[in-house]
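Here's the structure, in structure tokens; my notes come after.
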Amino acid sequence: MLLRLRSNATAADREVLGRVARERGFELVFLGRERTLAELVRRGAAGHPGDRAAFEDLAFVQAVLEASDAPELFARRAGQPEGVVEVGAAAFGGGHVSLIAGPCALESEERLLATARAVRAAGATLLRGGAYKPRTSPHSFQGVGREGLAWLARVAAEVEMPVVTEVLDPRDVAAVAAVADVLQIGARSMANVALLQEAARTGRVILLKRGPAATVREFLSAAEYVLAAGNPKVLLCERGVRGFDKTTRNLLDLGAVAYLKRATHLPVIVDPSHAAGTSELVAPLARAGLAAGADGVMIEVHPEPREARSDGAQALLPADFATLARELAALVELGGRHLVQPLAPRARAATTPEGVRP
Ligand code: PEP
Ligand code: MN
């Protein structure tokens, strides 16, 4: 590891650095007469993913110029294959691409069931829908809360689909994990360390959304909290960052998608709905996300977008989602990957010969 010290670093600072280096199993070698460039040579024991941060945190260290020999848990080592996260029929990564779809917010059990049936028939393998909604204004609809969790549980069982729903508060993690197969940590909560750790400890898949103003590095550090808590099942979700131009709701960072696919072993998905903000732009952004290497897309679908209590403008009608799903399947196959299809429903498969994969 190579460090650059600030030009005002003192002899006492260098002594502190020497002590920290020794404690972490490094030998410290200053390069050049100015003694502002230092090489840390590992002695004996294996490195620790916290090595880099330990030196970065020292006030007199300006920058860590070369990565440590103990990369963080999210990092993809040379030759390491892509990780795969599976939940129900859905699989993300390693050539598997899956579609996540459903309403922004849960509104009623009947509407959720109808939407779930429609998105499943179109090829979605994971149902989404928020019971707890993190809204920009405290005066906007905040979601139906616990009641919605019961709807999710019943609908998931009825349509035989795993579900993803957002958890906003560490105190709700247990109740949400009791019904959800995947816990969504929303963009506004990305850096909520207590929430990340509590959610991670459930062992559920964590769908982590990038904060609207988070750097890729901050996004990865949030993922690192989940991994460091012993949960390897993380899906990174790019949903657009804050740009200077309000033509689209957010700026879908496809460079980040391509980068993350190389730099980490974690599956990456895109959410074109929150990036677009308007339904007409969802399909092209979904295609672009998959073309950039994403392992899945998450799309908001609503049977009556005009009546939606949140994000109606960006919701696709079920029929439009079905058209898009067909296009995405062709695109994925063209790239030599595979769009995962829902499993045949158990009850119908046993009784009807046509109860095969839709
Ligand atoms: C959502 O998925 O409905 C949502 C609130 O997304 P985000 O956290 O990306 O704004
Ligand atoms: Mn939404």
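In the structure tokens, chains take letters A, B, ... by order of appearance, with residues numbered from 1 within each chain and ligands from 1 in the order shown.
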Show me which residues are within 7 Å of ligand 1 counting only C-alpha atoms and all ligand atoms, and format the list as a short mmCIF file (atom, residue, chain, number, x, y, z; two decimals) with N, CA, C and O atoms, in the first residue's frame.
```
data_model
loop_
_atom_site.label_atom_id
_atom_site.label_comp_id
_atom_site.auth_asym_id
_atom_site.auth_seq_id
_atom_site.Cartn_x
_atom_site.Cartn_y
_atom_site.Cartn_z
N CYS A 104 -45.46 0.78 -7.15
CA CYS A 104 -44.59 1.55 -6.26
C CYS A 104 -45.02 1.26 -4.82
O CYS A 104 -44.25 0.73 -4.03
N ALA A 105 -46.28 1.57 -4.53
CA ALA A 105 -46.81 1.39 -3.18
C ALA A 105 -47.95 0.37 -3.18
O ALA A 105 -48.68 0.26 -4.17
N GLY A 130 -44.23 -1.43 -2.10
CA GLY A 130 -43.83 -0.86 -0.82
C GLY A 130 -44.99 -0.71 0.15
O GLY A 130 -46.03 -0.12 -0.19
N LYS A 133 -43.39 3.72 2.63
CA LYS A 133 -42.88 4.55 1.54
C LYS A 133 -42.07 5.74 2.08
O LYS A 133 -42.58 6.54 2.86
N PRO A 134 -40.83 5.84 1.63
CA PRO A 134 -40.00 6.98 2.06
C PRO A 134 -40.28 8.16 1.14
O PRO A 134 -39.73 8.25 0.05
N GLY A 186 -33.88 1.49 0.59
CA GLY A 186 -34.15 2.51 -0.42
C GLY A 186 -33.02 3.52 -0.54
O GLY A 186 -32.12 3.59 0.32
N ALA A 187 -33.09 4.29 -1.61
CA ALA A 187 -32.04 5.27 -1.91
C ALA A 187 -31.82 6.22 -0.74
O ALA A 187 -30.68 6.55 -0.40
N ARG A 188 -32.90 6.64 -0.11
CA ARG A 188 -32.77 7.61 1.00
C ARG A 188 -32.15 6.99 2.24
O ARG A 188 -31.71 7.69 3.15
N LYS A 209 -30.33 0.09 -2.85
CA LYS A 209 -30.41 1.13 -3.88
C LYS A 209 -29.35 2.20 -3.63
O LYS A 209 -29.07 2.55 -2.49
N ARG A 239 -30.42 3.43 -9.57
CA ARG A 239 -31.76 3.98 -9.80
C ARG A 239 -31.72 5.43 -10.25
O ARG A 239 -32.71 6.13 -10.26
N HIS A 274 -37.53 4.91 -11.55
CA HIS A 274 -37.20 6.10 -10.75
C HIS A 274 -36.20 7.00 -11.46
O HIS A 274 -36.08 8.17 -11.13
#
```
Neighbours of ligand 2 within 10 Å, counting only C-alpha atoms and all ligand atoms, as JSON, numbers by chain?
{"A": [102, 103, 104, 105, 129, 130, 133, 134, 135, 186, 271, 273, 274, 277, 299, 300, 301, 309, 310, 311, 312, 313, 314, 315]}
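Between CA of Ala288 (chain A) and CA of Val226 (chain A) there is a distance of 27.9 Å.
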Pick the closest to Arg77 (chain A) from A:Arg42, A:Ile100, A:Arg262, A:Ala150: which is it, counting only C-alpha atoms?
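Closest candidate: A:Arg262.
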For Val84 (chain A), find every residue with an atom within 7 Å (counting only C-alpha atoms), except residues of its own chain fewer than 4 positions away, and show them as an mmCIF file with N, CA, C and O atoms, in the first residue's frame.
```cif
data_model
loop_
_atom_site.group_PDB
_atom_site.id
_atom_site.type_symbol
_atom_site.label_atom_id
_atom_site.label_comp_id
_atom_site.auth_asym_id
_atom_site.auth_seq_id
_atom_site.Cartn_x
_atom_site.Cartn_y
_atom_site.Cartn_z
ATOM 1 N N ALA A 91 -33.061 -15.347 -10.599
ATOM 2 C CA ALA A 91 -31.603 -15.457 -10.420
ATOM 3 C C ALA A 91 -30.962 -14.248 -11.086
ATOM 4 O O ALA A 91 -31.376 -13.833 -12.175
ATOM 5 N N PHE A 92 -30.002 -13.682 -10.404
ATOM 6 C CA PHE A 92 -29.321 -12.475 -10.896
ATOM 7 C C PHE A 92 -27.830 -12.754 -10.934
ATOM 8 O O PHE A 92 -27.239 -13.147 -9.923
ATOM 9 N N GLY A 93 -27.202 -12.546 -12.085
ATOM 10 C CA GLY A 93 -25.750 -12.703 -12.199
ATOM 11 C C GLY A 93 -25.367 -14.021 -12.844
ATOM 12 O O GLY A 93 -26.185 -14.945 -12.970
ATOM 13 N N GLY A 94 -24.102 -14.084 -13.287
ATOM 14 C CA GLY A 94 -23.610 -15.313 -13.899
ATOM 15 C C GLY A 94 -24.377 -15.693 -15.160
ATOM 16 O O GLY A 94 -24.552 -16.876 -15.444
ATOM 17 N N PRO A 267 -24.208 -9.039 -8.012
ATOM 18 C CA PRO A 267 -25.111 -8.728 -9.123
ATOM 19 C C PRO A 267 -25.570 -7.276 -9.059
ATOM 20 O O PRO A 267 -25.683 -6.697 -7.983
#
```
Counting only C-alpha atoms, figure out which residue out of A:Leu235, A:Ala156, A:Gly47, A:Arg306 gets nearest to Ser98 (chain A).
A:Leu235
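Coordinates place CA of Leu236 (chain A) at a distance of 6.1 Å from CA of Ile269 (chain A).
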Residues at most 12 Å from region 317-331 of chain A, counting only C-alpha atoms, excluding those fewer than 5 positions away in the same chain, as a PyMOL selection string?
chain A and resi 96-103+114-125+273+279-306+308+312+336-341+358
Write out as JSON, numbers by chain all residues of region 146-182 of chain A that backbone DSSP assigns to strand (DSSP E).
{"A": [163, 164, 165, 166, 182]}
Pick from A:Ala9, A:Ala46, A:Gly95, A:Leu252, whichever lies nearest to Phe26 (chain A) using only C-alpha atoms
A:Ala46
Find the spatial neighbours of Ala45 (chain A), counting only C-alpha atoms, within a cut-off of 12 Å - ignore same-chain residues fewer than 3 positions away - and output them as a list in words.
Arg22, Glu23, Arg24, Gly25, Phe26, Glu27, Val41, Arg42, His48, Asp69 and Ala70 of chain A
Selection to disk with C-alpha atoms, as an mmCIF file, in the first residue's frame:
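Written output follows (again_6.cif):
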```
data_model
loop_
_atom_site.group_PDB
_atom_site.id
_atom_site.type_symbol
_atom_site.label_atom_id
_atom_site.label_comp_id
_atom_site.auth_asym_id
_atom_site.auth_seq_id
_atom_site.Cartn_x
_atom_site.Cartn_y
_atom_site.Cartn_z
ATOM 1 C CA ARG A 22 3.194 -2.049 13.143
ATOM 2 C CA GLU A 23 -0.095 -2.839 14.870
ATOM 3 C CA ARG A 24 -1.623 -3.837 11.535
ATOM 4 C CA GLY A 25 1.367 -5.967 10.511
ATOM 5 C CA PHE A 26 3.118 -3.571 8.126
ATOM 6 C CA GLU A 27 6.640 -2.280 7.875
ATOM 7 C CA VAL A 41 5.040 -3.540 3.266
ATOM 8 C CA ARG A 42 3.107 -6.403 4.769
ATOM 9 C CA HIS A 48 -7.562 -7.091 6.664
ATOM 10 C CA ASP A 69 -3.491 -6.332 -0.521
ATOM 11 C CA ALA A 70 -6.655 -7.194 1.411
#
```
